[in-house]
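Source file: coords-v5.txt. Holds: compact mmCIF, C-alpha atoms.
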# COMPACT_ATOMS: atom_id res chain seq x y z
CA MET A 30 3.93 -55.72 69.84
CA ASN A 31 6.00 -58.00 67.58
CA TYR A 32 9.41 -59.09 68.61
CA GLU A 33 11.99 -60.24 66.18
CA SER A 34 15.30 -61.85 67.06
CA LYS A 35 18.11 -62.57 64.66
CA VAL A 36 20.25 -65.65 64.65
CA THR A 37 23.59 -65.58 62.97
CA ALA A 38 24.43 -68.57 60.77
CA GLU A 39 27.80 -70.08 60.36
CA LYS A 40 28.54 -67.87 57.35
CA GLY A 41 27.38 -64.82 59.21
CA ASP A 42 24.04 -64.37 57.36
CA PRO A 43 21.21 -63.40 59.60
CA ILE A 44 18.20 -65.67 59.78
CA ALA A 45 14.79 -64.21 60.60
CA VAL A 46 13.00 -66.02 63.35
CA GLY A 47 9.31 -65.50 64.22
CA PHE A 48 5.99 -64.77 62.33
CA ASP A 49 6.25 -62.92 58.95
CA PRO A 50 2.94 -62.54 56.96
CA ASP A 51 4.62 -61.38 53.75
CA ALA A 52 6.83 -64.43 53.58
CA GLU A 53 3.91 -66.80 54.04
CA GLU A 54 1.96 -65.13 51.19
CA TYR A 55 5.00 -65.34 48.96
CA GLU A 56 5.32 -69.08 49.59
CA ALA A 57 1.62 -69.67 48.74
CA LYS A 58 1.95 -67.78 45.49
CA ARG A 59 5.01 -69.80 44.51
CA GLY A 60 3.07 -73.05 45.15
CA SER A 61 0.18 -71.90 42.92
CA ASP A 62 2.51 -70.99 40.08
CA ARG A 63 4.20 -74.36 40.34
CA ARG A 64 0.84 -76.18 39.99
CA LYS A 65 -0.05 -74.14 36.87
CA VAL A 66 3.25 -75.03 35.29
CA LEU A 67 2.68 -78.71 36.00
CA ILE A 68 -0.83 -78.62 34.52
CA ILE A 69 0.35 -76.89 31.34
CA ALA A 70 3.20 -79.35 30.94
CA GLY A 71 0.78 -82.27 31.37
CA LEU A 72 -1.55 -80.88 28.70
CA LEU A 73 1.34 -80.48 26.29
CA VAL A 74 2.45 -84.05 26.84
CA LEU A 75 -1.13 -85.30 26.31
CA GLY A 76 -1.46 -83.31 23.05
CA LEU A 77 1.79 -84.70 21.72
CA ALA A 78 0.67 -88.23 22.56
CA ILE A 79 -2.65 -87.77 20.68
CA ALA A 80 -0.88 -86.29 17.65
CA ALA A 81 1.54 -89.19 17.59
CA PHE A 82 -1.39 -91.63 17.74
CA PHE A 83 -3.10 -90.16 14.68
CA VAL A 84 0.15 -89.96 12.74
CA MET A 85 0.82 -93.62 13.43
CA ARG A 86 -2.78 -94.52 12.45
CA SER A 87 -2.56 -92.63 9.16
CA ASN A 88 0.63 -94.53 8.36
CA GLY A 89 -1.23 -97.81 8.87
CA THR A 90 0.82 -98.82 11.93
CA ALA A 91 -1.74 -98.13 14.62
CA THR A 92 -4.51 -100.63 13.72
CA PRO A 93 -3.94 -104.17 12.48
CA ALA A 94 -5.59 -105.24 9.19
CA GLY A 95 -7.97 -107.52 11.00
CA ASP A 96 -9.26 -104.63 13.13
CA GLU A 97 -9.84 -102.44 10.02
CA ASN A 98 -11.98 -105.11 8.36
CA ALA A 99 -13.89 -105.55 11.59
CA GLN A 100 -14.84 -101.85 11.57
CA ALA A 101 -15.74 -101.71 7.80
CA PRO A 102 -19.39 -100.86 7.01
CA THR A 103 -21.71 -103.55 5.71
CA VAL A 104 -23.47 -102.90 2.40
CA THR A 105 -26.13 -104.84 0.52
CA VAL A 106 -25.16 -105.87 -3.00
CA ILE A 107 -26.93 -107.45 -5.95
CA THR A 108 -25.69 -109.43 -8.92
CA PRO A 109 -28.15 -108.43 -11.70
CA GLY A 110 -27.29 -111.01 -14.36
CA GLN A 111 -28.82 -110.63 -17.83
CA THR A 112 -32.51 -110.26 -18.63
CA THR A 113 -34.36 -110.25 -21.95
CA VAL A 114 -36.54 -107.16 -22.20
CA GLU A 115 -38.59 -105.56 -24.92
CA GLY A 116 -36.69 -102.65 -26.38
CA GLN A 117 -38.53 -99.34 -26.20
CA ILE A 118 -37.91 -95.87 -27.56
CA THR A 119 -39.56 -92.90 -25.89
CA ALA A 120 -40.27 -89.81 -27.95
CA THR A 121 -42.42 -86.72 -27.80
CA GLY A 122 -44.33 -84.94 -30.52
CA THR A 123 -47.44 -83.09 -31.62
CA LEU A 124 -50.81 -84.56 -32.51
CA SER A 125 -52.36 -83.60 -35.83
CA ALA A 126 -54.86 -84.78 -38.41
CA ARG A 127 -53.32 -87.43 -40.63
CA ARG A 128 -55.04 -86.04 -43.73
CA GLU A 129 -56.22 -82.50 -43.08
CA MET A 130 -58.45 -80.93 -45.73
CA PRO A 131 -58.94 -77.14 -45.80
CA VAL A 132 -62.31 -76.23 -47.34
CA GLY A 133 -62.87 -72.80 -48.86
CA VAL A 134 -64.94 -70.95 -51.46
CA VAL A 135 -64.74 -72.49 -54.93
CA GLY A 136 -67.28 -70.20 -56.60
CA GLU A 137 -67.65 -66.46 -56.87
CA GLY A 138 -68.73 -66.17 -53.24
CA GLY A 139 -71.31 -63.93 -51.65
CA ARG A 140 -73.14 -63.47 -48.38
CA VAL A 141 -73.34 -66.54 -46.13
CA VAL A 142 -76.93 -67.26 -45.12
CA SER A 143 -76.51 -70.46 -43.05
CA VAL A 144 -73.81 -72.67 -41.51
CA PRO A 145 -75.43 -75.97 -40.45
CA VAL A 146 -72.28 -77.62 -39.05
CA ASP A 147 -69.84 -76.76 -36.27
CA ALA A 148 -66.40 -77.82 -35.11
CA GLY A 149 -66.51 -81.30 -33.64
CA ASP A 150 -69.26 -82.56 -35.98
CA TRP A 151 -68.96 -85.53 -38.30
CA VAL A 152 -69.89 -84.83 -41.92
CA ARG A 153 -70.35 -87.03 -44.99
CA GLN A 154 -69.02 -86.41 -48.47
CA GLY A 155 -71.11 -83.83 -50.35
CA GLN A 156 -72.86 -82.51 -47.24
CA VAL A 157 -73.53 -78.75 -47.23
CA LEU A 158 -71.25 -77.00 -44.76
CA ALA A 159 -72.36 -73.44 -45.52
CA SER A 160 -74.90 -71.85 -47.88
CA ILE A 161 -74.43 -68.56 -49.74
CA ASP A 162 -77.25 -66.26 -50.84
CA GLN A 163 -78.40 -67.18 -54.36
CA SER A 164 -81.27 -64.72 -54.91
CA VAL A 165 -79.56 -63.00 -57.83
CA GLN A 166 -78.30 -66.22 -59.34
CA SER A 167 -81.76 -67.80 -59.19
CA GLN A 168 -83.16 -64.95 -61.31
CA GLN A 169 -80.38 -65.52 -63.80
CA VAL A 170 -81.32 -69.19 -63.98
CA GLN A 171 -84.97 -68.31 -64.69
CA SER A 172 -83.87 -65.92 -67.41
CA ALA A 173 -81.69 -68.57 -69.02
CA GLY A 174 -84.61 -71.01 -68.89
CA ALA A 175 -86.82 -68.49 -70.72
CA GLN A 176 -84.13 -67.99 -73.36
CA ILE A 177 -84.25 -71.70 -74.03
CA GLN A 178 -88.00 -71.51 -74.61
CA VAL A 179 -87.55 -68.60 -77.03
CA ALA A 180 -84.84 -70.43 -78.94
CA GLN A 181 -86.90 -73.58 -79.02
CA ALA A 182 -89.90 -71.71 -80.47
CA ASP A 183 -87.72 -70.25 -83.21
CA ALA A 184 -86.38 -73.71 -83.93
CA ASP A 185 -89.87 -75.17 -84.12
CA LEU A 186 -90.98 -72.43 -86.54
CA ALA A 187 -87.92 -72.93 -88.73
CA GLN A 188 -88.59 -76.65 -88.84
CA ALA A 189 -92.26 -76.09 -89.86
CA ASN A 190 -91.23 -73.70 -92.65
CA LEU A 191 -88.75 -76.24 -93.92
CA ASP A 192 -91.35 -79.02 -93.88
CA ARG A 193 -93.83 -76.93 -95.98
CA ALA A 194 -91.13 -75.98 -98.43
CA LEU A 195 -90.20 -79.62 -98.95
CA GLN A 196 -93.84 -80.42 -99.83
CA LEU A 197 -94.00 -77.57 -102.35
CA VAL A 198 -90.66 -78.18 -104.00
CA GLU A 199 -92.07 -81.29 -105.73
CA ARG A 200 -94.78 -79.15 -107.37
CA GLY A 201 -92.26 -76.56 -108.48
CA PHE A 202 -93.54 -73.74 -106.30
CA VAL A 203 -90.32 -73.58 -104.21
CA SER A 204 -86.84 -73.64 -105.60
CA THR A 205 -83.97 -75.71 -104.28
CA ALA A 206 -82.23 -72.54 -103.15
CA ASP A 207 -85.17 -71.66 -100.93
CA VAL A 208 -85.05 -75.13 -99.38
CA ASP A 209 -81.35 -74.70 -98.60
CA ARG A 210 -82.02 -71.31 -97.00
CA LEU A 211 -84.82 -72.67 -94.83
CA THR A 212 -82.67 -75.63 -93.82
CA ALA A 213 -79.89 -73.28 -92.66
CA THR A 214 -82.40 -71.20 -90.72
CA ARG A 215 -83.68 -74.34 -89.00
CA ASP A 216 -80.15 -75.48 -88.11
CA ALA A 217 -79.27 -72.05 -86.69
CA ALA A 218 -82.39 -72.07 -84.54
CA VAL A 219 -81.57 -75.53 -83.18
CA ALA A 220 -78.02 -74.36 -82.40
CA ARG A 221 -79.41 -71.37 -80.48
CA VAL A 222 -81.46 -73.77 -78.40
CA ARG A 223 -78.35 -75.71 -77.52
CA VAL A 224 -76.49 -72.51 -76.64
CA ALA A 225 -79.29 -71.44 -74.31
CA GLN A 226 -79.33 -74.85 -72.69
CA ALA A 227 -75.56 -74.71 -72.14
CA GLN A 228 -75.86 -71.27 -70.57
CA LEU A 229 -78.52 -72.53 -68.23
CA GLY A 230 -76.36 -75.49 -67.26
CA GLU A 231 -73.41 -73.17 -66.56
CA LEU A 232 -75.51 -70.97 -64.29
CA ARG A 233 -76.83 -73.94 -62.39
CA ALA A 234 -73.30 -75.31 -61.93
CA ARG A 235 -72.09 -71.96 -60.64
CA ASN A 236 -74.97 -71.76 -58.25
CA ALA A 237 -74.22 -75.22 -56.99
CA ARG A 238 -70.64 -74.12 -56.26
CA LEU A 239 -71.95 -71.33 -54.07
CA ASN A 240 -72.75 -73.93 -51.42
CA ILE A 241 -69.66 -75.04 -49.46
CA LEU A 242 -69.67 -78.85 -49.60
CA ALA A 243 -67.61 -81.42 -47.71
CA PRO A 244 -65.07 -82.93 -50.13
CA ALA A 245 -64.94 -86.17 -48.11
CA SER A 246 -66.40 -87.71 -44.99
CA GLY A 247 -64.57 -86.72 -41.84
CA TYR A 248 -64.38 -84.82 -38.60
CA VAL A 249 -64.72 -81.03 -38.56
CA LEU A 250 -61.69 -79.53 -36.80
CA GLU A 251 -62.32 -75.83 -37.41
CA ARG A 252 -65.19 -73.57 -38.47
CA ASN A 253 -64.12 -70.06 -39.48
CA VAL A 254 -67.32 -68.60 -40.93
CA GLU A 255 -70.58 -67.20 -39.53
CA PRO A 256 -73.95 -66.35 -41.11
CA GLY A 257 -73.99 -62.85 -42.61
CA GLN A 258 -70.28 -62.94 -43.44
CA THR A 259 -69.27 -62.10 -47.01
CA VAL A 260 -66.82 -64.54 -48.55
CA SER A 261 -65.06 -64.78 -51.88
CA ALA A 262 -62.71 -67.05 -53.76
CA GLY A 263 -59.69 -65.38 -52.08
CA SER A 264 -60.97 -65.89 -48.53
CA PRO A 265 -59.00 -68.13 -46.10
CA PRO A 266 -60.30 -71.68 -45.57
CA LEU A 267 -63.72 -71.65 -43.95
CA PHE A 268 -63.44 -75.20 -42.55
CA ARG A 269 -60.75 -77.74 -41.76
CA ILE A 270 -61.71 -81.42 -41.86
CA ALA A 271 -59.77 -84.51 -40.76
CA ARG A 272 -60.56 -87.04 -43.45
CA GLY A 273 -62.09 -90.12 -41.87
CA GLY A 274 -61.27 -88.65 -38.43
CA GLU A 275 -57.78 -90.16 -38.65
CA MET A 276 -55.10 -88.67 -36.42
CA GLU A 277 -51.34 -89.05 -36.13
CA LEU A 278 -48.46 -88.19 -33.83
CA LEU A 279 -45.40 -86.51 -35.30
CA ALA A 280 -42.78 -88.04 -33.00
CA ARG A 281 -39.32 -86.46 -33.06
CA LEU A 282 -36.44 -88.98 -32.87
CA ASN A 283 -32.66 -88.82 -33.16
CA GLU A 284 -30.78 -90.60 -35.92
CA ASP A 285 -29.99 -93.72 -33.85
CA SER A 286 -33.61 -94.18 -32.83
CA LEU A 287 -34.88 -93.74 -36.38
CA THR A 288 -32.73 -96.62 -37.56
CA SER A 289 -34.23 -98.85 -34.84
CA ILE A 290 -37.84 -98.59 -36.02
CA SER A 291 -39.64 -99.39 -39.24
CA VAL A 292 -43.03 -98.95 -40.85
CA GLY A 293 -45.62 -101.09 -39.07
CA THR A 294 -44.00 -100.86 -35.62
CA SER A 295 -46.58 -100.52 -32.85
CA ALA A 296 -46.55 -97.63 -30.37
CA GLN A 297 -48.37 -96.49 -27.25
CA ILE A 298 -49.43 -92.84 -27.18
CA ARG A 299 -50.20 -90.89 -24.00
CA PRO A 300 -51.43 -87.29 -24.49
CA VAL A 301 -50.32 -84.72 -21.95
CA GLY A 302 -52.82 -84.24 -19.15
CA THR A 303 -54.29 -87.74 -19.25
CA ASP A 304 -53.32 -91.26 -18.23
CA LYS A 305 -55.12 -92.86 -21.17
CA LEU A 306 -53.04 -94.85 -23.63
CA PHE A 307 -53.88 -95.07 -27.33
CA THR A 308 -52.42 -97.71 -29.62
CA GLY A 309 -50.97 -96.56 -32.91
CA GLN A 310 -48.70 -97.77 -35.67
CA VAL A 311 -45.75 -96.15 -37.42
CA TRP A 312 -46.84 -95.54 -41.01
CA GLN A 313 -43.98 -93.35 -42.18
CA VAL A 314 -40.36 -92.77 -41.12
CA SER A 315 -38.84 -89.48 -42.16
CA PRO A 316 -36.42 -89.92 -45.10
CA THR A 317 -34.50 -86.78 -44.07
CA ILE A 318 -32.82 -85.42 -40.92
CA ASP A 319 -33.18 -81.83 -39.74
CA GLU A 320 -29.79 -80.16 -40.01
CA GLN A 321 -30.49 -77.93 -37.01
CA ASP A 322 -31.32 -80.46 -34.29
CA ARG A 323 -30.23 -83.70 -36.05
CA GLN A 324 -33.65 -85.26 -35.61
CA GLY A 325 -36.24 -86.84 -37.87
CA THR A 326 -39.95 -87.55 -37.65
CA ALA A 327 -41.77 -90.83 -37.20
CA ARG A 328 -45.46 -90.46 -38.14
CA ILE A 329 -47.66 -92.71 -35.99
CA ALA A 330 -51.20 -93.30 -37.28
CA LEU A 331 -54.06 -93.26 -34.78
CA SER A 332 -57.76 -93.96 -35.09
CA TYR A 333 -60.15 -91.26 -33.95
CA ALA A 334 -60.68 -91.05 -30.19
CA GLU A 335 -62.08 -88.35 -27.92
CA GLY A 336 -58.82 -87.79 -26.07
CA LEU A 337 -56.84 -87.05 -29.24
CA ARG A 338 -56.85 -83.35 -30.07
CA PRO A 339 -54.78 -81.99 -32.97
CA GLY A 340 -52.19 -79.50 -31.77
CA GLY A 341 -51.80 -81.25 -28.41
CA PHE A 342 -48.55 -82.66 -27.04
CA ALA A 343 -48.09 -86.40 -26.44
CA THR A 344 -45.49 -88.99 -25.49
CA ALA A 345 -44.92 -92.10 -27.60
CA THR A 346 -43.41 -95.40 -26.46
CA ILE A 347 -42.32 -97.25 -29.58
CA ALA A 348 -41.34 -100.92 -29.59
CA SER A 349 -37.85 -101.49 -30.97
CA GLY A 350 -37.28 -105.26 -30.63
CA THR A 351 -35.81 -107.21 -27.71
CA VAL A 352 -32.52 -106.62 -25.90
CA VAL A 353 -30.54 -108.71 -23.38
CA ALA A 354 -29.08 -106.54 -20.62
CA PRO A 355 -28.79 -106.22 -16.83
CA ILE A 356 -31.65 -104.59 -14.95
CA LEU A 357 -31.02 -102.68 -11.72
CA PRO A 358 -33.39 -101.11 -9.19
CA GLU A 359 -33.51 -97.33 -9.28
CA SER A 360 -31.77 -97.14 -5.88
CA ALA A 361 -28.62 -98.69 -7.35
CA VAL A 362 -28.20 -96.18 -10.18
CA LEU A 363 -26.60 -92.87 -9.21
CA SER A 364 -25.81 -89.81 -11.28
CA ASP A 365 -23.73 -86.66 -11.15
CA ARG A 366 -22.45 -84.11 -13.63
CA ASP A 367 -20.32 -86.81 -15.26
CA GLY A 368 -23.36 -88.97 -15.99
CA ALA A 369 -24.96 -92.14 -14.63
CA TYR A 370 -22.85 -94.61 -12.62
CA VAL A 371 -23.04 -97.46 -10.11
CA LEU A 372 -20.76 -98.57 -7.29
CA ILE A 373 -19.49 -102.13 -7.53
CA ILE A 374 -17.48 -104.11 -4.97
CA ASN A 375 -14.33 -105.57 -6.48
CA GLY A 376 -12.43 -108.70 -5.45
CA GLU A 377 -10.64 -106.80 -2.66
CA ASP A 378 -13.96 -105.75 -1.11
CA LYS A 379 -13.39 -102.14 -2.07
CA ALA A 380 -15.94 -99.82 -3.62
CA GLU A 381 -15.32 -98.96 -7.26
CA ARG A 382 -17.15 -96.49 -9.50
CA ARG A 383 -18.42 -97.81 -12.83
CA SER A 384 -19.95 -95.47 -15.45
CA VAL A 385 -23.03 -96.92 -17.17
CA THR A 386 -25.45 -96.05 -19.96
CA THR A 387 -29.08 -96.43 -18.94
CA GLY A 388 -31.82 -97.65 -21.25
CA THR A 389 -35.56 -97.85 -20.81
CA VAL A 390 -37.32 -97.95 -17.46
CA THR A 391 -39.39 -101.10 -16.95
CA SER A 392 -41.53 -102.39 -14.12
CA GLN A 393 -38.50 -104.44 -12.97
CA GLY A 394 -36.09 -101.50 -12.93
CA ILE A 395 -33.70 -99.60 -15.17
CA VAL A 396 -32.12 -101.37 -18.13
CA ILE A 397 -28.33 -100.90 -18.22
CA ALA A 398 -27.48 -100.67 -21.91
CA GLU A 399 -23.70 -100.34 -21.44
CA GLY A 400 -21.16 -100.59 -18.61
CA LEU A 401 -22.08 -103.87 -16.87
CA THR A 402 -21.92 -107.54 -17.80
CA GLY A 403 -24.31 -108.59 -15.04
CA SER A 404 -21.78 -110.60 -13.00
CA GLU A 405 -20.61 -107.65 -10.85
CA ARG A 406 -21.56 -107.09 -7.24
CA VAL A 407 -23.47 -103.79 -7.39
CA VAL A 408 -24.26 -101.75 -4.27
CA LEU A 409 -28.02 -101.88 -3.99
CA ARG A 410 -28.64 -98.73 -1.98
CA ALA A 411 -26.90 -95.95 -0.04
CA GLY A 412 -24.11 -95.89 -2.62
CA GLY A 413 -23.94 -92.13 -2.26
CA PHE A 414 -22.52 -92.53 1.27
CA LEU A 415 -19.56 -94.63 0.11
CA THR A 416 -16.31 -93.32 -1.31
CA GLU A 417 -14.38 -94.95 -4.09
CA GLY A 418 -11.72 -97.26 -2.65
CA GLU A 419 -13.43 -97.67 0.71
CA THR A 420 -13.28 -101.19 2.19
CA VAL A 421 -16.67 -102.70 3.00
CA LYS A 422 -18.28 -105.93 4.05
CA THR A 423 -21.00 -107.23 1.73
CA GLN A 424 -24.22 -109.13 2.09
CA MET A 425 -26.38 -110.31 -0.80
CA ALA A 426 -29.84 -108.82 -1.19
CA GLU A 427 -32.73 -111.16 -0.49
CA ALA A 428 -34.66 -112.28 -3.56
CA ASP A 429 -38.12 -110.80 -3.95
Would it be possible to restate this file's structure as structure tokens?
Amino acid sequence: MNYESKVTAEKGDPIAVGFDPDAEEYEAKRGSDRRKVLIIAGLLVLGLAIAAFFVMRSNGTATPAGDENAQAPTVTVITPGQTTVEGQITATGTLSARREMPVGVVGEGGRVVSVPVDAGDWVRQGQVLASIDQSVQSQQVQSAGAQIQVAQADADLAQANLDRALQLVERGFVSTADVDRLTATRDAAVARVRVAQAQLGELRARNARLNILAPASGYVLERNVEPGQTVSAGSPPLFRIARGGEMELLARLNEDSLTSISVGTSAQIRPVGTDKLFTGQVWQVSPTIDEQDRQGTARIALSYAEGLRPGGFATATIASGTVVAPILPESAVLSDRDGAYVLIINGEDKAERRSVTTGTVTSQGIVIAEGLTGSERVVLRAGGFLTEGETVKTQMAEAD
């Protein structure tokens, strides 16, 4: 049994005396709420202090200048200077025969009986490339030969008659008119002999044209005829020959590059699919520019070699004199949609973007045609991790 007594205070308010569970629970709850309020208030104060710290740092009042330099990243730089390099122009083009000769039927044609050569063979001037059946033409030649014999016999008889008449004219047995008639008969017979001989020569010449002959010594590129095929004067070319086996590269160049080269300039040719290099020489520079792509053609002569196949694609490196320019390693040259650029460190030790124009790629690095004088401090590597205006500490790259 619980007993409760009341004590009256001076103002007459009763005061509970004794054990009350509800009151004790109420006091514990109030203490817990007070702790939560204190924790929340502390977190708010801490957050405000952190925010104030970053605001002061962004205004440059939190860290002294000496501390900022101490925390700056260290980058390796290079001063490229100026180097004399051989100027080079790189172009692409198609390989072809320098002097290609299509060979077709020059006679009346007929049935092909033999083709003794094939693509890839070397032929000499006048060599038979294909033979056409001449059985009919050979009979015509024999007939023309017989006609010559007949005409010659008539001429011999006319000459004998004339000789006898000349012996008898002195005795008065033959008149002068008869001599004139016999002389005309003799002359006509001799003329018929000559006509028959000319006809025979014509037939033989035509027969000779039935054989397809090589017009010059060279390398057979194509063979488009087979035995048994019927050909005529209107047929497409039966063979294609590269005269002397000479090849060339038709290199396509822009207007600026064309003005930098001249006839006689040497070039290195590398066909696609091989690492072999072939030495050639520019023998003609296009006198006109294509209006569509604003390019012209430099024709580079090449001697015959196994790796050169007409119709193939190749890359040409053409010498274009010497240039004096800075050379940078590939790691120092960056690029984006605005073009090639490098990062240089200015006098305030801050990174600065510098747009450049790259030239040829050499064994030493990339030639910088425009944008640098060579005296700048260029970030050697990891330039992509720096931002323009960032303060850095520099160290010179070690010489190779």
Write out as a VMD selection string the residues lying within 9 Å of Leu158 (chain A), counting all atoms listed in the file and excluding same-chain residues fewer than 2 positions away.
chain A and resid 143 to 147 152 155 to 156 160 240 to 243 268
Please tabulate, as a tab-separated table, the residues of region 127-234 of chain A that come within 12 Å of region 321-342 of chain A, each with its closest pair of atoms and the distance in Å to one decimal, counting all atoms listed in the file and ordering rows by chain, then residue number upward.
residue	atom	partner	partner_atom	distance
A:Arg127	CA	A:Ala330	CA	7.1
A:Arg128	CA	A:Ala330	CA	10.4
A:Glu129	CA	A:Pro339	CA	10.2
A:Gly149	CA	A:Glu335	CA	10.1
A:Trp151	CA	A:Tyr333	CA	11.4
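CA of Thr259 (chain A) is positioned 15.0 Å from CA of Val165 (chain A).
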Would you kindly return, as a PyMOL selection string, each protein, DNA or RNA residue with an atom no farther than 7 Å from any atom of region 224-234 of chain A, considering only C-alpha atoms and excluding same-chain residues fewer than 3 positions away?
chain A and resi 170+173-174+176-177+220-221+237-238
Which residues are close to region 295-307 of chain A, i.e. within 6 Å by all atoms listed in the file, leaving aside same-chain residues fewer than 2 positions away? Reply as an MDAnalysis selection string.
chainID A and resid 309:310 342:347
Test item: residues at most 12 Å from region 98-110 of chain A, all atoms listed in the file, excluding those fewer than 2 positions along its chain, as a PDB file with C-alpha atoms, keeping the file's coordinate frame:
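Result saved to selection_22.pdb:
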ATOM      1  CA  THR A  92      -4.510-100.630  13.720  1.00  0.00           C
ATOM      2  CA  PRO A  93      -3.940-104.170  12.480  1.00  0.00           C
ATOM      3  CA  ALA A  94      -5.590-105.240   9.190  1.00  0.00           C
ATOM      4  CA  GLY A  95      -7.970-107.520  11.000  1.00  0.00           C
ATOM      5  CA  ASP A  96      -9.260-104.630  13.130  1.00  0.00           C
ATOM      6  CA  THR A 112     -32.510-110.260 -18.630  1.00  0.00           C
ATOM      7  CA  THR A 113     -34.360-110.250 -21.950  1.00  0.00           C
ATOM      8  CA  VAL A 353     -30.540-108.710 -23.380  1.00  0.00           C
ATOM      9  CA  ALA A 354     -29.080-106.540 -20.620  1.00  0.00           C
ATOM     10  CA  PRO A 355     -28.790-106.220 -16.830  1.00  0.00           C
ATOM     11  CA  ILE A 356     -31.650-104.590 -14.950  1.00  0.00           C
ATOM     12  CA  LEU A 357     -31.020-102.680 -11.720  1.00  0.00           C
ATOM     13  CA  PRO A 358     -33.390-101.110  -9.190  1.00  0.00           C
ATOM     14  CA  SER A 360     -31.770 -97.140  -5.880  1.00  0.00           C
ATOM     15  CA  ALA A 361     -28.620 -98.690  -7.350  1.00  0.00           C
ATOM     16  CA  VAL A 371     -23.040 -97.460 -10.110  1.00  0.00           C
ATOM     17  CA  LEU A 372     -20.760 -98.570  -7.290  1.00  0.00           C
ATOM     18  CA  ILE A 373     -19.490-102.130  -7.530  1.00  0.00           C
ATOM     19  CA  ILE A 374     -17.480-104.110  -4.970  1.00  0.00           C
ATOM     20  CA  ASN A 375     -14.330-105.570  -6.480  1.00  0.00           C
ATOM     21  CA  GLU A 377     -10.640-106.800  -2.660  1.00  0.00           C
ATOM     22  CA  ASP A 378     -13.960-105.750  -1.110  1.00  0.00           C
ATOM     23  CA  LYS A 379     -13.390-102.140  -2.070  1.00  0.00           C
ATOM     24  CA  ALA A 380     -15.940 -99.820  -3.620  1.00  0.00           C
ATOM     25  CA  GLN A 393     -38.500-104.440 -12.970  1.00  0.00           C
ATOM     26  CA  GLY A 394     -36.090-101.500 -12.930  1.00  0.00           C
ATOM     27  CA  ILE A 395     -33.700 -99.600 -15.170  1.00  0.00           C
ATOM     28  CA  VAL A 396     -32.120-101.370 -18.130  1.00  0.00           C
ATOM     29  CA  ILE A 397     -28.330-100.900 -18.220  1.00  0.00           C
ATOM     30  CA  LEU A 401     -22.080-103.870 -16.870  1.00  0.00           C
ATOM     31  CA  THR A 402     -21.920-107.540 -17.800  1.00  0.00           C
ATOM     32  CA  GLY A 403     -24.310-108.590 -15.040  1.00  0.00           C
ATOM     33  CA  SER A 404     -21.780-110.600 -13.000  1.00  0.00           C
ATOM     34  CA  GLU A 405     -20.610-107.650 -10.850  1.00  0.00           C
ATOM     35  CA  ARG A 406     -21.560-107.090  -7.240  1.00  0.00           C
ATOM     36  CA  VAL A 407     -23.470-103.790  -7.390  1.00  0.00           C
ATOM     37  CA  VAL A 408     -24.260-101.750  -4.270  1.00  0.00           C
ATOM     38  CA  LEU A 409     -28.020-101.880  -3.990  1.00  0.00           C
ATOM     39  CA  ARG A 410     -28.640 -98.730  -1.980  1.00  0.00           C
ATOM     40  CA  ALA A 411     -26.900 -95.950  -0.040  1.00  0.00           C
ATOM     41  CA  GLY A 412     -24.110 -95.890  -2.620  1.00  0.00           C
ATOM     42  CA  GLY A 413     -23.940 -92.130  -2.260  1.00  0.00           C
ATOM     43  CA  PHE A 414     -22.520 -92.530   1.270  1.00  0.00           C
ATOM     44  CA  LEU A 415     -19.560 -94.630   0.110  1.00  0.00           C
ATOM     45  CA  THR A 416     -16.310 -93.320  -1.310  1.00  0.00           C
ATOM     46  CA  GLU A 419     -13.430 -97.670   0.710  1.00  0.00           C
ATOM     47  CA  THR A 420     -13.280-101.190   2.190  1.00  0.00           C
ATOM     48  CA  VAL A 421     -16.670-102.700   3.000  1.00  0.00           C
ATOM     49  CA  LYS A 422     -18.280-105.930   4.050  1.00  0.00           C
ATOM     50  CA  THR A 423     -21.000-107.230   1.730  1.00  0.00           C
ATOM     51  CA  GLN A 424     -24.220-109.130   2.090  1.00  0.00           C
ATOM     52  CA  MET A 425     -26.380-110.310  -0.800  1.00  0.00           C
ATOM     53  CA  ALA A 426     -29.840-108.820  -1.190  1.00  0.00           C
ATOM     54  CA  GLU A 427     -32.730-111.160  -0.490  1.00  0.00           C
ATOM     55  CA  ALA A 428     -34.660-112.280  -3.560  1.00  0.00           C
ATOM     56  CA  ASP A 429     -38.120-110.800  -3.950  1.00  0.00           C
TER      57      ASP A 429
END
Between CA of Pro266 (chain A) and CA of Ser125 (chain A), what is the distance in Å, rounded to a tenth?
17.3 Å
Taking into account only C-alpha atoms, which residue in the set A:Ile79, A:Ala70, A:Val157, A:Val134 is nearest to Leu267 (chain A)?
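Comparing A:Ile79, A:Ala70, A:Val157, A:Val134 against Leu267 (chain A), the winner is A:Val134.
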Which of A:Val198, A:Val179, A:Val142, A:Ala120 sits closest to Ser164 (chain A) [using only C-alpha atoms]:
A:Val142
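Across the structure, CA of Ala184 (chain A) and CA of Ala217 (chain A) are spaced 7.8 Å apart.
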Which residues are close to Ser349 (chain A), i.e. within 6 Å by all atoms listed in the file, leaving aside same-chain residues fewer than 4 positions away? Reply as a compact mmCIF listing (two decimals) with C-alpha atoms, in the coordinates of the input.
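Output contents, as saved in around-v1.txt:
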# COMPACT_ATOMS: atom_id res chain seq x y z
CA GLY A 116 -36.69 -102.65 -26.38
CA GLN A 117 -38.53 -99.34 -26.20
CA SER A 289 -34.23 -98.85 -34.84
CA ILE A 290 -37.84 -98.59 -36.02
Of the residues A:Glu284, A:Ile118, A:Pro256, A:Met130, which is the one nearest to Thr391 (chain A), using all atoms listed in the file?
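When distances to Thr391 (chain A) are compared using all atoms listed in the file, the smallest one comes from A:Ile118.
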